[in-house]
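S.K.: I'd like to ask some things about the structure below.
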There are 2 protein chains.
Amino acid sequence: MNIGECARHSGLPAKTIRYYEEIGLVRAGRDANGYRAFSDSDLHKLIFLGRARSLGFSIDDCRKLLSLYEDRSRASADVKTLTEEHLTRIAKKIAELEAMQATLKTLVHKCHGDARPDCPILEGLAAENREGAS
Amino acid sequence: MNIGECARHSGLPAKTIRYYEEIGLVRAGRDANGYRAFSDSDLHKLIFLGRARSLGFSIDDCRKLLSLYEDRSRASADVKTLTEEHLTRIAKKIAELEAMQATLKTLVHKCHGDARPDCPILEGLAAENREGAS
DNA sequence: ATAGGGCTTCCAGTCACTGGAAGGTCAAGG
DNA sequence: CCTTGACCTTCCAGTGACTGGAAGCCCTAT
């Protein structure tokens with residue numbers, strides 16, 4: 001399987017597959033003409049990587065997950081720990097975004113949004129005479 | 001005011017202030033010795049930028065917000081529109097993270113997390129015989 | 001023979017900083 | 001006067017995870 005077909009089957013751009021090979025996430029053989037040759041096993045790894053990335057795992061996490069995936073004697077606890085740490089990061093990120101959202105919604109609500117220059121959003125950003133907001 | 005004092009008052013690292021100057025977000029005068037000299041007005045802009053960045057606005061948005069901030073004849077509607085677009089992006093991001101969170105929680109819940117290699121998380125990532133999950 | 005599509009490598013750019021090296025400046029202490 | 005240490009300066013490189021583009025080889029069909 002060459003890189004184009006592999007890209008179609010995995011859903012990953014060819015560029016990304018080359019990049020994954022470059023950083024050592026996957027390895028590909030070569031045909032006589034120099035084209036990359038992917039086995040079914042390589043394709044499965046790429047699909048695995050695509051799924052992991054789409055769930056927000058970092059490349060570094062993916063590297064660990066992939067090695068656990070390939071390790072027949074792994075402990076599922078290791079996978080679970082990695083995933084739980086990732087969940088913690090996601091929860092933190094959501095909390096941060098929700099805090100921004102709350103502040104911004106308050107500001108937007110106060111702003112009449114017309115042709116006049118008076119604007120509580122800009123005043124809020126200027127941070128003059130603020131009290132409670134973080 | 002030199003950069004160190006300005007950093008303390010604005011809460012931004014000196015490196016960041018230099019970077020903001022480099023990309024033209026703020027301008028600073030110079031003392032005879034070549035040190036940057038910040039006015040109170042520069043400091044206010046930096047505080048403004050710090051607040052805007054902490055609310056997730058991009059540098060490009062900050063540039064627009066700053067020019068609106070300095071434009072005494074602005075229309076508050078322009079600020080509101082910018083902010084609402086940003087809120088839309090935040091909501092989308094939160095939704096994405098929550099979708100990841102839901103999938104990951106389901107997988108973690110299924111995984112017993114012990115010394116055995118059997119692991120529903122890895123199986124889920126391998127995307128074999130999956131049905132409903134996105 | 002040529003046109004097209006796919007493949008290769010390599011380099012640069014993204015975003016918003018951040019770290020570090022090499023060196024100038026200034027105030028205080030010996 | 002000299003040194004020490006904390007400032008400041010510039011410039012270069014690296015981060016994460018790709019993405020775009022240029023230059024050029026390969027393969028198939030017409």
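In the structure tokens, chains take the letters A, B, ... in the order shown, each chain's residues start at 1, and ligands count up from 1 in the order shown.
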May I have chain B as a short mmCIF file (atom, residue, chain, number, x, y, z; two decimals) with N, CA and C atoms, in the first residue's frame, after a least-squares superposition on chain A that uses all C-alpha atoms paired in order?
M.R.:
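As written to disk, superposed.cif reads:
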data_model
loop_
_atom_site.label_atom_id
_atom_site.label_comp_id
_atom_site.auth_asym_id
_atom_site.auth_seq_id
_atom_site.Cartn_x
_atom_site.Cartn_y
_atom_site.Cartn_z
N MET B 1 0.80 -1.17 -0.02
CA MET B 1 -0.05 0.02 -0.01
C MET B 1 0.84 1.27 0.00
N ASN B 2 0.65 2.18 -0.96
CA ASN B 2 1.45 3.41 -0.93
C ASN B 2 0.77 4.46 -0.05
N ILE B 3 1.42 5.61 0.07
CA ILE B 3 0.97 6.56 1.09
C ILE B 3 -0.43 7.13 0.82
N GLY B 4 -0.76 7.30 -0.45
CA GLY B 4 -2.07 7.87 -0.79
C GLY B 4 -3.21 6.96 -0.36
N GLU B 5 -3.05 5.71 -0.68
CA GLU B 5 -4.09 4.74 -0.30
C GLU B 5 -4.18 4.64 1.22
N CYS B 6 -3.02 4.62 1.83
CA CYS B 6 -2.94 4.55 3.29
C CYS B 6 -3.63 5.76 3.92
N ALA B 7 -3.44 6.91 3.31
CA ALA B 7 -4.07 8.14 3.78
C ALA B 7 -5.59 8.03 3.69
N ARG B 8 -6.06 7.50 2.55
CA ARG B 8 -7.52 7.34 2.38
C ARG B 8 -8.09 6.40 3.43
N HIS B 9 -7.40 5.29 3.67
CA HIS B 9 -7.93 4.31 4.62
C HIS B 9 -7.82 4.76 6.08
N SER B 10 -6.80 5.55 6.37
CA SER B 10 -6.62 5.96 7.77
C SER B 10 -7.33 7.26 8.08
N GLY B 11 -7.61 8.04 7.04
CA GLY B 11 -8.24 9.34 7.27
C GLY B 11 -7.22 10.41 7.61
N LEU B 12 -5.93 10.06 7.63
CA LEU B 12 -4.89 11.04 7.92
C LEU B 12 -4.30 11.59 6.61
N PRO B 13 -3.94 12.88 6.58
CA PRO B 13 -3.28 13.42 5.41
C PRO B 13 -1.92 12.75 5.20
N ALA B 14 -1.53 12.59 3.94
CA ALA B 14 -0.24 11.98 3.64
C ALA B 14 0.90 12.73 4.35
N LYS B 15 0.79 14.04 4.38
CA LYS B 15 1.81 14.86 5.05
C LYS B 15 1.98 14.44 6.50
N THR B 16 0.88 14.19 7.14
CA THR B 16 0.90 13.80 8.55
C THR B 16 1.54 12.43 8.72
N ILE B 17 1.24 11.53 7.81
CA ILE B 17 1.83 10.20 7.89
C ILE B 17 3.35 10.29 7.73
N ARG B 18 3.79 11.11 6.77
CA ARG B 18 5.25 11.30 6.61
C ARG B 18 5.85 11.88 7.88
N TYR B 19 5.14 12.82 8.45
CA TYR B 19 5.62 13.43 9.70
C TYR B 19 5.71 12.39 10.82
N TYR B 20 4.73 11.54 10.93
CA TYR B 20 4.74 10.50 11.96
C TYR B 20 5.92 9.54 11.74
N GLU B 21 6.24 9.30 10.49
CA GLU B 21 7.39 8.45 10.22
C GLU B 21 8.68 9.17 10.64
N GLU B 22 8.72 10.45 10.29
CA GLU B 22 9.92 11.24 10.58
C GLU B 22 10.23 11.27 12.09
N ILE B 23 9.19 11.39 12.89
CA ILE B 23 9.41 11.45 14.34
C ILE B 23 9.41 10.05 14.97
N GLY B 24 9.37 9.04 14.12
CA GLY B 24 9.53 7.69 14.64
C GLY B 24 8.29 7.06 15.26
N LEU B 25 7.11 7.61 14.98
CA LEU B 25 5.89 7.01 15.52
C LEU B 25 5.54 5.74 14.76
N VAL B 26 5.78 5.75 13.46
CA VAL B 26 5.55 4.57 12.64
C VAL B 26 6.76 4.36 11.74
N ARG B 27 6.89 3.18 11.20
CA ARG B 27 7.97 2.90 10.29
C ARG B 27 7.34 2.37 9.01
N ALA B 28 7.89 2.72 7.87
CA ALA B 28 7.34 2.21 6.62
C ALA B 28 8.47 1.61 5.80
N GLY B 29 8.16 0.53 5.10
CA GLY B 29 9.13 -0.06 4.18
C GLY B 29 9.19 0.79 2.92
N ARG B 30 10.02 0.36 1.99
CA ARG B 30 10.13 1.09 0.74
C ARG B 30 10.01 0.14 -0.43
N ASP B 31 9.32 0.59 -1.46
CA ASP B 31 9.29 -0.16 -2.72
C ASP B 31 10.57 0.13 -3.49
N ALA B 32 10.76 -0.60 -4.56
CA ALA B 32 11.96 -0.44 -5.38
C ALA B 32 12.09 1.00 -5.90
N ASN B 33 10.97 1.64 -6.17
CA ASN B 33 11.01 3.00 -6.71
C ASN B 33 11.19 4.08 -5.63
N GLY B 34 11.33 3.67 -4.39
CA GLY B 34 11.54 4.65 -3.32
C GLY B 34 10.25 5.06 -2.62
N TYR B 35 9.12 4.63 -3.16
CA TYR B 35 7.83 4.96 -2.52
C TYR B 35 7.71 4.21 -1.20
N ARG B 36 7.04 4.84 -0.24
CA ARG B 36 6.79 4.14 1.02
C ARG B 36 5.81 2.99 0.81
N ALA B 37 6.03 1.90 1.53
CA ALA B 37 5.12 0.75 1.44
C ALA B 37 4.58 0.45 2.83
N PHE B 38 3.26 0.53 2.97
CA PHE B 38 2.65 0.30 4.28
C PHE B 38 1.96 -1.06 4.32
N SER B 39 2.15 -1.75 5.42
CA SER B 39 1.46 -3.02 5.62
C SER B 39 0.12 -2.75 6.31
N ASP B 40 -0.69 -3.76 6.42
CA ASP B 40 -1.96 -3.64 7.14
C ASP B 40 -1.70 -3.25 8.59
N SER B 41 -0.64 -3.79 9.12
CA SER B 41 -0.31 -3.49 10.51
C SER B 41 0.06 -2.01 10.67
N ASP B 42 0.80 -1.47 9.71
CA ASP B 42 1.13 -0.03 9.73
C ASP B 42 -0.16 0.79 9.66
N LEU B 43 -1.05 0.36 8.78
CA LEU B 43 -2.32 1.07 8.64
C LEU B 43 -3.09 1.07 9.95
N HIS B 44 -3.13 -0.07 10.61
CA HIS B 44 -3.83 -0.15 11.90
C HIS B 44 -3.24 0.81 12.91
N LYS B 45 -1.91 0.89 12.91
CA LYS B 45 -1.25 1.82 13.84
C LYS B 45 -1.64 3.26 13.53
N LEU B 46 -1.70 3.58 12.25
CA LEU B 46 -2.07 4.94 11.86
C LEU B 46 -3.51 5.26 12.25
N ILE B 47 -4.39 4.30 12.09
CA ILE B 47 -5.78 4.50 12.49
C ILE B 47 -5.83 4.72 14.01
N PHE B 48 -5.07 3.90 14.71
CA PHE B 48 -4.96 4.03 16.17
C PHE B 48 -4.49 5.44 16.54
N LEU B 49 -3.45 5.90 15.86
CA LEU B 49 -2.92 7.23 16.14
C LEU B 49 -3.95 8.32 15.84
N GLY B 50 -4.65 8.16 14.74
CA GLY B 50 -5.67 9.14 14.37
C GLY B 50 -6.74 9.25 15.44
N ARG B 51 -7.16 8.09 15.94
CA ARG B 51 -8.18 8.08 16.98
C ARG B 51 -7.64 8.72 18.27
N ALA B 52 -6.44 8.35 18.65
CA ALA B 52 -5.86 8.88 19.88
C ALA B 52 -5.69 10.40 19.78
N ARG B 53 -5.19 10.87 18.65
CA ARG B 53 -5.01 12.31 18.46
C ARG B 53 -6.36 13.02 18.50
N SER B 54 -7.38 12.43 17.90
CA SER B 54 -8.69 13.09 17.87
C SER B 54 -9.32 13.11 19.26
N LEU B 55 -8.81 12.26 20.15
CA LEU B 55 -9.27 12.32 21.54
C LEU B 55 -8.37 13.23 22.38
N GLY B 56 -7.49 13.94 21.69
CA GLY B 56 -6.71 14.98 22.38
C GLY B 56 -5.40 14.52 23.00
N PHE B 57 -5.05 13.26 22.84
CA PHE B 57 -3.76 12.81 23.38
C PHE B 57 -2.62 13.51 22.64
N SER B 58 -1.57 13.88 23.36
CA SER B 58 -0.40 14.48 22.73
C SER B 58 0.36 13.41 21.96
N ILE B 59 1.25 13.85 21.10
CA ILE B 59 2.09 12.92 20.36
C ILE B 59 2.88 12.05 21.33
N ASP B 60 3.33 12.66 22.40
CA ASP B 60 4.10 11.90 23.38
C ASP B 60 3.24 10.81 24.03
N ASP B 61 2.02 11.15 24.39
CA ASP B 61 1.09 10.15 24.91
C ASP B 61 0.85 9.06 23.87
N CYS B 62 0.70 9.48 22.62
CA CYS B 62 0.45 8.52 21.55
C CYS B 62 1.59 7.52 21.45
N ARG B 63 2.80 8.03 21.61
CA ARG B 63 3.96 7.16 21.55
C ARG B 63 3.85 6.08 22.65
N LYS B 64 3.49 6.54 23.85
CA LYS B 64 3.34 5.59 24.96
C LYS B 64 2.19 4.63 24.71
N LEU B 65 1.07 5.17 24.26
CA LEU B 65 -0.10 4.33 24.01
C LEU B 65 0.21 3.28 22.95
N LEU B 66 0.92 3.70 21.93
CA LEU B 66 1.26 2.77 20.85
C LEU B 66 2.17 1.66 21.35
N SER B 67 3.10 2.02 22.23
CA SER B 67 4.00 0.97 22.71
C SER B 67 3.24 0.03 23.66
N LEU B 68 2.27 0.56 24.39
CA LEU B 68 1.43 -0.31 25.21
C LEU B 68 0.55 -1.19 24.32
N TYR B 69 0.06 -0.57 23.25
CA TYR B 69 -0.80 -1.28 22.29
C TYR B 69 -0.06 -2.49 21.72
N GLU B 70 1.23 -2.29 21.46
CA GLU B 70 2.02 -3.36 20.84
C GLU B 70 2.62 -4.34 21.86
N ASP B 71 2.53 -3.97 23.13
CA ASP B 71 3.11 -4.81 24.17
C ASP B 71 2.06 -5.81 24.66
N ARG B 72 2.23 -7.06 24.26
CA ARG B 72 1.23 -8.09 24.62
C ARG B 72 1.21 -8.38 26.12
N SER B 73 2.25 -7.92 26.82
CA SER B 73 2.27 -8.21 28.26
C SER B 73 2.06 -6.94 29.10
N ARG B 74 1.44 -5.96 28.48
CA ARG B 74 1.16 -4.69 29.18
C ARG B 74 0.22 -4.93 30.36
N ALA B 75 0.21 -3.93 31.26
CA ALA B 75 -0.80 -3.91 32.32
C ALA B 75 -1.83 -2.86 31.94
N SER B 76 -3.09 -3.22 31.93
CA SER B 76 -4.13 -2.25 31.53
C SER B 76 -4.13 -1.04 32.47
N ALA B 77 -3.61 -1.23 33.69
CA ALA B 77 -3.53 -0.11 34.64
C ALA B 77 -2.72 1.05 34.08
N ASP B 78 -1.65 0.73 33.32
CA ASP B 78 -0.80 1.78 32.74
C ASP B 78 -1.59 2.62 31.73
N VAL B 79 -2.39 1.95 30.93
CA VAL B 79 -3.22 2.66 29.95
C VAL B 79 -4.24 3.52 30.68
N LYS B 80 -4.84 2.94 31.70
CA LYS B 80 -5.88 3.67 32.44
C LYS B 80 -5.31 4.91 33.11
N THR B 81 -4.13 4.78 33.69
CA THR B 81 -3.50 5.92 34.35
C THR B 81 -3.24 7.05 33.36
N LEU B 82 -2.66 6.68 32.22
CA LEU B 82 -2.38 7.67 31.17
C LEU B 82 -3.66 8.40 30.77
N THR B 83 -4.71 7.63 30.60
CA THR B 83 -5.99 8.18 30.16
C THR B 83 -6.61 9.07 31.23
N GLU B 84 -6.47 8.65 32.46
CA GLU B 84 -7.03 9.46 33.55
C GLU B 84 -6.28 10.79 33.69
N GLU B 85 -4.99 10.75 33.50
CA GLU B 85 -4.22 12.00 33.54
C GLU B 85 -4.66 12.93 32.41
N HIS B 86 -4.90 12.34 31.28
CA HIS B 86 -5.38 13.13 30.15
C HIS B 86 -6.76 13.72 30.45
N LEU B 87 -7.60 12.94 31.07
CA LEU B 87 -8.93 13.43 31.45
C LEU B 87 -8.82 14.60 32.42
N THR B 88 -7.85 14.52 33.31
CA THR B 88 -7.64 15.63 34.26
C THR B 88 -7.28 16.91 33.51
N ARG B 89 -6.37 16.76 32.54
CA ARG B 89 -5.98 17.94 31.75
C ARG B 89 -7.18 18.50 30.98
N ILE B 90 -8.00 17.61 30.44
CA ILE B 90 -9.18 18.06 29.70
C ILE B 90 -10.13 18.80 30.63
N ALA B 91 -10.35 18.26 31.80
CA ALA B 91 -11.28 18.90 32.74
C ALA B 91 -10.78 20.29 33.11
N LYS B 92 -9.47 20.41 33.30
CA LYS B 92 -8.88 21.69 33.66
C LYS B 92 -9.08 22.70 32.52
N LYS B 93 -8.83 22.22 31.33
CA LYS B 93 -8.99 23.08 30.15
C LYS B 93 -10.44 23.55 30.01
N ILE B 94 -11.36 22.64 30.22
CA ILE B 94 -12.78 22.99 30.13
C ILE B 94 -13.11 24.05 31.18
N ALA B 95 -12.59 23.84 32.37
CA ALA B 95 -12.87 24.80 33.45
C ALA B 95 -12.33 26.18 33.09
N GLU B 96 -11.15 26.22 32.52
CA GLU B 96 -10.56 27.50 32.11
C GLU B 96 -11.43 28.19 31.07
N LEU B 97 -11.83 27.40 30.09
CA LEU B 97 -12.66 27.98 29.03
C LEU B 97 -14.00 28.45 29.56
N GLU B 98 -14.55 27.70 30.51
CA GLU B 98 -15.84 28.10 31.07
C GLU B 98 -15.72 29.38 31.89
N ALA B 99 -14.57 29.54 32.53
CA ALA B 99 -14.35 30.77 33.29
C ALA B 99 -14.28 31.97 32.33
N MET B 100 -13.54 31.78 31.24
CA MET B 100 -13.48 32.84 30.23
C MET B 100 -14.88 33.14 29.69
N GLN B 101 -15.58 32.07 29.39
CA GLN B 101 -16.92 32.20 28.84
C GLN B 101 -17.82 33.01 29.77
N ALA B 102 -17.76 32.69 31.05
CA ALA B 102 -18.62 33.39 32.02
C ALA B 102 -18.30 34.88 32.05
N THR B 103 -17.00 35.20 32.12
CA THR B 103 -16.60 36.60 32.16
C THR B 103 -17.03 37.33 30.89
N LEU B 104 -16.77 36.69 29.75
CA LEU B 104 -17.10 37.33 28.47
C LEU B 104 -18.60 37.50 28.30
N LYS B 105 -19.36 36.52 28.74
CA LYS B 105 -20.82 36.63 28.63
C LYS B 105 -21.34 37.80 29.45
N THR B 106 -20.78 37.95 30.64
CA THR B 106 -21.18 39.07 31.49
C THR B 106 -20.91 40.39 30.79
N LEU B 107 -19.71 40.49 30.22
CA LEU B 107 -19.34 41.73 29.53
C LEU B 107 -20.23 41.98 28.32
N VAL B 108 -20.44 40.95 27.53
CA VAL B 108 -21.28 41.09 26.33
C VAL B 108 -22.69 41.52 26.71
N HIS B 109 -23.15 40.94 27.78
CA HIS B 109 -24.50 41.24 28.24
C HIS B 109 -24.65 42.73 28.59
N LYS B 110 -23.59 43.29 29.17
CA LYS B 110 -23.63 44.70 29.59
C LYS B 110 -23.51 45.66 28.42
N CYS B 111 -22.96 45.19 27.31
CA CYS B 111 -22.67 46.09 26.19
C CYS B 111 -23.87 46.23 25.27
N HIS B 112 -24.30 47.47 25.05
CA HIS B 112 -25.49 47.68 24.21
C HIS B 112 -25.21 47.38 22.74
N GLY B 113 -23.94 47.53 22.34
CA GLY B 113 -23.58 47.15 20.97
C GLY B 113 -24.22 47.99 19.89
N ASP B 114 -24.05 49.30 19.99
CA ASP B 114 -24.59 50.17 18.95
C ASP B 114 -23.48 51.06 18.40
N ALA B 115 -23.85 52.18 17.82
CA ALA B 115 -22.85 53.04 17.17
C ALA B 115 -22.09 53.92 18.16
N ARG B 116 -22.54 53.95 19.40
CA ARG B 116 -21.86 54.82 20.38
C ARG B 116 -20.57 54.19 20.89
N PRO B 117 -19.62 54.99 21.31
CA PRO B 117 -18.31 54.49 21.73
C PRO B 117 -18.32 53.87 23.13
N ASP B 118 -19.27 54.20 23.94
CA ASP B 118 -19.34 53.71 25.32
C ASP B 118 -19.41 52.18 25.32
N CYS B 119 -18.42 51.53 25.96
CA CYS B 119 -18.38 50.06 25.86
C CYS B 119 -17.85 49.38 27.12
N PRO B 120 -18.76 48.71 27.84
CA PRO B 120 -18.37 48.01 29.07
C PRO B 120 -17.36 46.89 28.83
N ILE B 121 -17.32 46.34 27.63
CA ILE B 121 -16.35 45.27 27.36
C ILE B 121 -14.94 45.84 27.43
N LEU B 122 -14.73 46.95 26.72
CA LEU B 122 -13.41 47.58 26.75
C LEU B 122 -13.07 48.07 28.15
N GLU B 123 -14.06 48.57 28.86
CA GLU B 123 -13.81 49.02 30.23
C GLU B 123 -13.39 47.83 31.11
N GLY B 124 -14.05 46.73 30.89
CA GLY B 124 -13.71 45.52 31.65
C GLY B 124 -12.29 45.07 31.34
N LEU B 125 -11.91 45.14 30.07
CA LEU B 125 -10.56 44.74 29.69
C LEU B 125 -9.51 45.70 30.23
N ALA B 126 -9.89 46.96 30.32
CA ALA B 126 -8.95 47.95 30.84
C ALA B 126 -8.72 47.74 32.33
N ALA B 127 -9.60 46.95 32.94
CA ALA B 127 -9.43 46.53 34.32
C ALA B 127 -9.41 47.70 35.29
N GLU B 128 -10.11 48.76 34.93
CA GLU B 128 -10.23 49.86 35.88
C GLU B 128 -11.41 49.58 36.81
N ASN B 129 -11.34 50.08 37.97
CA ASN B 129 -12.36 49.91 39.02
C ASN B 129 -13.14 48.59 38.94
N ARG B 130 -12.39 47.50 38.88
CA ARG B 130 -13.06 46.21 38.90
C ARG B 130 -13.03 45.67 40.33
N GLU B 131 -14.00 44.81 40.60
CA GLU B 131 -14.02 44.25 41.96
C GLU B 131 -13.89 42.74 41.96
N GLY B 132 -14.98 42.07 41.59
CA GLY B 132 -15.02 40.62 41.78
C GLY B 132 -14.30 39.81 40.72
N ALA B 133 -14.38 40.28 39.49
CA ALA B 133 -13.88 39.45 38.38
C ALA B 133 -12.42 39.06 38.56
N SER B 134 -12.12 37.81 38.22
CA SER B 134 -10.74 37.29 38.38
C SER B 134 -9.79 38.03 37.48
#
S.K.: May I ask you to extract the residues of chain D within 9 Å of chain A, using only C-alpha atoms (C1' of nucleotides), and to give them as a list of chain:residue names?
M.R.: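 Every residue of chain D that passes the 9 Å test is in D:DG16, D:DA17, D:DC18, D:DT19, D:DC26.
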S.K.: Filtering to C-alpha atoms (C1' of nucleotides), could you give me those residues as a PDB file, in the first residue's frame?
M.R.:
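Output contents, as saved in selection.pdb:
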ATOM      1  C1'  DG D  16       3.651  21.174  19.137  1.00  0.00           C
ATOM      2  C1'  DA D  17       1.827  19.209  15.485  1.00  0.00           C
ATOM      3  C1'  DC D  18       1.427  19.855  11.591  1.00  0.00           C
ATOM      4  C1'  DT D  19       0.778  22.459   6.766  1.00  0.00           C
ATOM      5  C1'  DC D  26       7.981   7.841 -11.331  1.00  0.00           C
TER       6       DC D  26
END
S.K.: Please identify every residue of chain C that has at least one atom no more than 12 Å from any atom of chain B, counting only C-alpha atoms (C1' of nucleotides), and report them as a ChimeraX atom specification.
M.R.: /C:15-19,24-26
S.K.: Take the selection from the previous step and output its residues with N, CA and C atoms (P, O5', C5', C4', C3', O3' and C1' of nucleotides), as an mmCIF file, in the first residue's frame.
M.R.:
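File written: again20.cif
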data_model
loop_
_atom_site.group_PDB
_atom_site.id
_atom_site.type_symbol
_atom_site.label_atom_id
_atom_site.label_comp_id
_atom_site.auth_asym_id
_atom_site.auth_seq_id
_atom_site.Cartn_x
_atom_site.Cartn_y
_atom_site.Cartn_z
ATOM 1 P P DC C 15 -0.767 32.597 12.576
ATOM 2 O "O5'" DC C 15 -0.745 32.368 14.141
ATOM 3 C "C5'" DC C 15 -1.519 31.342 14.720
ATOM 4 C "C4'" DC C 15 -1.089 31.166 16.149
ATOM 5 C "C3'" DC C 15 -0.665 32.463 16.844
ATOM 6 O "O3'" DC C 15 -1.475 32.591 18.000
ATOM 7 C "C1'" DC C 15 0.967 30.754 17.150
ATOM 8 P P DA C 16 -1.845 33.993 18.580
ATOM 9 O "O5'" DA C 16 -0.809 34.022 19.801
ATOM 10 C "C5'" DA C 16 -0.971 33.056 20.827
ATOM 11 C "C4'" DA C 16 0.294 32.981 21.634
ATOM 12 C "C3'" DA C 16 0.864 34.345 22.064
ATOM 13 O "O3'" DA C 16 1.256 34.266 23.410
ATOM 14 C "C1'" DA C 16 2.516 33.058 21.110
ATOM 15 P P DC C 17 1.380 35.599 24.248
ATOM 16 O "O5'" DC C 17 2.888 36.067 23.945
ATOM 17 C "C5'" DC C 17 3.966 35.668 24.763
ATOM 18 C "C4'" DC C 17 4.252 34.199 24.636
ATOM 19 C "C3'" DC C 17 5.291 33.708 25.616
ATOM 20 O "O3'" DC C 17 4.723 32.735 26.469
ATOM 21 C "C1'" DC C 17 5.735 32.928 23.403
ATOM 22 P P DT C 18 5.308 32.590 27.964
ATOM 23 O "O5'" DT C 18 6.748 31.928 27.744
ATOM 24 C "C5'" DT C 18 6.857 30.541 27.514
ATOM 25 C "C4'" DT C 18 8.300 30.188 27.293
ATOM 26 C "C3'" DT C 18 9.262 30.763 28.345
ATOM 27 O "O3'" DT C 18 9.874 29.654 28.977
ATOM 28 C "C1'" DT C 18 10.119 31.007 26.145
ATOM 29 P P DG C 19 10.832 29.839 30.238
ATOM 30 O "O5'" DG C 19 12.258 29.478 29.603
ATOM 31 C "C5'" DG C 19 12.367 28.372 28.720
ATOM 32 C "C4'" DG C 19 13.789 28.283 28.202
ATOM 33 C "C3'" DG C 19 14.833 28.826 29.166
ATOM 34 O "O3'" DG C 19 15.889 27.866 29.242
ATOM 35 C "C1'" DG C 19 15.018 29.914 27.053
ATOM 36 P P DG C 24 30.064 44.728 25.402
ATOM 37 O "O5'" DG C 24 29.022 45.832 25.875
ATOM 38 C "C5'" DG C 24 28.201 46.468 24.900
ATOM 39 C "C4'" DG C 24 27.091 47.202 25.625
ATOM 40 C "C3'" DG C 24 27.575 48.260 26.615
ATOM 41 O "O3'" DG C 24 26.691 49.377 26.597
ATOM 42 C "C1'" DG C 24 26.294 46.655 27.763
ATOM 43 P P DT C 25 26.995 50.604 27.547
ATOM 44 O "O5'" DT C 25 26.143 50.268 28.841
ATOM 45 C "C5'" DT C 25 24.714 50.269 28.754
ATOM 46 C "C4'" DT C 25 24.121 50.505 30.140
ATOM 47 C "C3'" DT C 25 24.791 51.581 30.978
ATOM 48 O "O3'" DT C 25 23.749 52.323 31.592
ATOM 49 C "C1'" DT C 25 24.739 49.537 32.179
ATOM 50 P P DC C 26 23.987 53.703 32.307
ATOM 51 O "O5'" DC C 26 23.697 53.342 33.842
ATOM 52 C "C5'" DC C 26 22.525 52.592 34.169
ATOM 53 C "C4'" DC C 26 22.624 52.086 35.592
ATOM 54 C "C3'" DC C 26 23.301 53.049 36.568
ATOM 55 O "O3'" DC C 26 22.431 53.245 37.670
ATOM 56 C "C1'" DC C 26 24.178 50.864 36.785
#
S.K.: C1' of DG23 in chain C and C1' of DT15 in chain D are how many Å apart?
M.R.: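 That distance, rounded to one decimal, is 26.1 Å.
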S.K.: Return as a ChimeraX atom specification the full set of residues in chain A whose backbone-based DSSP assignment is alpha helix (DSSP H).
M.R.: /A:3-10,14-22,40-54,59-70,76-110,120-126
S.K.: Have a look at D:DG20, D:DC2, D:DG14, D:DC7 and name the one nearest to DG13 in chain C; count only C-alpha atoms (C1' of nucleotides).
M.R.: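 Ranked by minimum distance to DG13 in chain C, first place goes to D:DG20.
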S.K.: Using DSSP on the backbone coordinates, identify the residues of chain B assigned to strand (DSSP E or B); present them as a compact mmCIF listing (two decimals) with N, CA and C atoms, in the first residue's frame.
M.R.:
# COMPACT_ATOMS: atom_id res chain seq x y z
N GLY B 29 9.33 54.06 24.26
CA GLY B 29 10.42 55.01 24.03
C GLY B 29 11.72 54.41 24.53
N ARG B 30 12.78 55.17 24.39
CA ARG B 30 14.07 54.70 24.87
C ARG B 30 14.74 55.74 25.73
N ARG B 36 14.37 50.45 27.40
CA ARG B 36 13.02 50.86 27.04
C ARG B 36 12.41 51.72 28.14
N ALA B 37 11.63 52.72 27.73
CA ALA B 37 10.96 53.58 28.71
C ALA B 37 9.45 53.52 28.46
S.K.: Name all residues at most 12 Å from DA22 in chain C (count only C-alpha atoms (C1' of nucleotides); drop same-chain ones fewer than 4 positions away) and give them as a PyMOL selection string.
M.R.: chain D and resi 9-12
S.K.: Give me a file of those residues, with C-alpha atoms (C1' of nucleotides), as a CSV table (one decimal), in the first residue's frame.
M.R.:
chain,number,residue,atom,x,y,z
D,9,DT,C1',20.1,44.9,25.3
D,10,DT,C1',20.0,41.9,20.9
D,11,DC,C1',19.7,37.8,18.4
D,12,DC,C1',19.0,32.9,17.7
S.K.: In Å to one decimal, how far is C1' of DG6 in chain C from C1' of DC27 in chain D?
M.R.: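 These atoms are spaced 8.4 Å apart.
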S.K.: Go ahead and compute the interatomic distance for C1' of DA13 in chain D and C1' of DA12 in chain C, in Å to one decimal.
M.R.: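 Separation of C1' of DA13 in chain D and C1' of DA12 in chain C: 14.7 Å.
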S.K.: Show which residues sit within 12 Å of DT3 in chain D, as a count of residues only. Count only C-alpha atoms (C1' of nucleotides), and ignore same-chain residues fewer than 4 positions away.
M.R.: 3
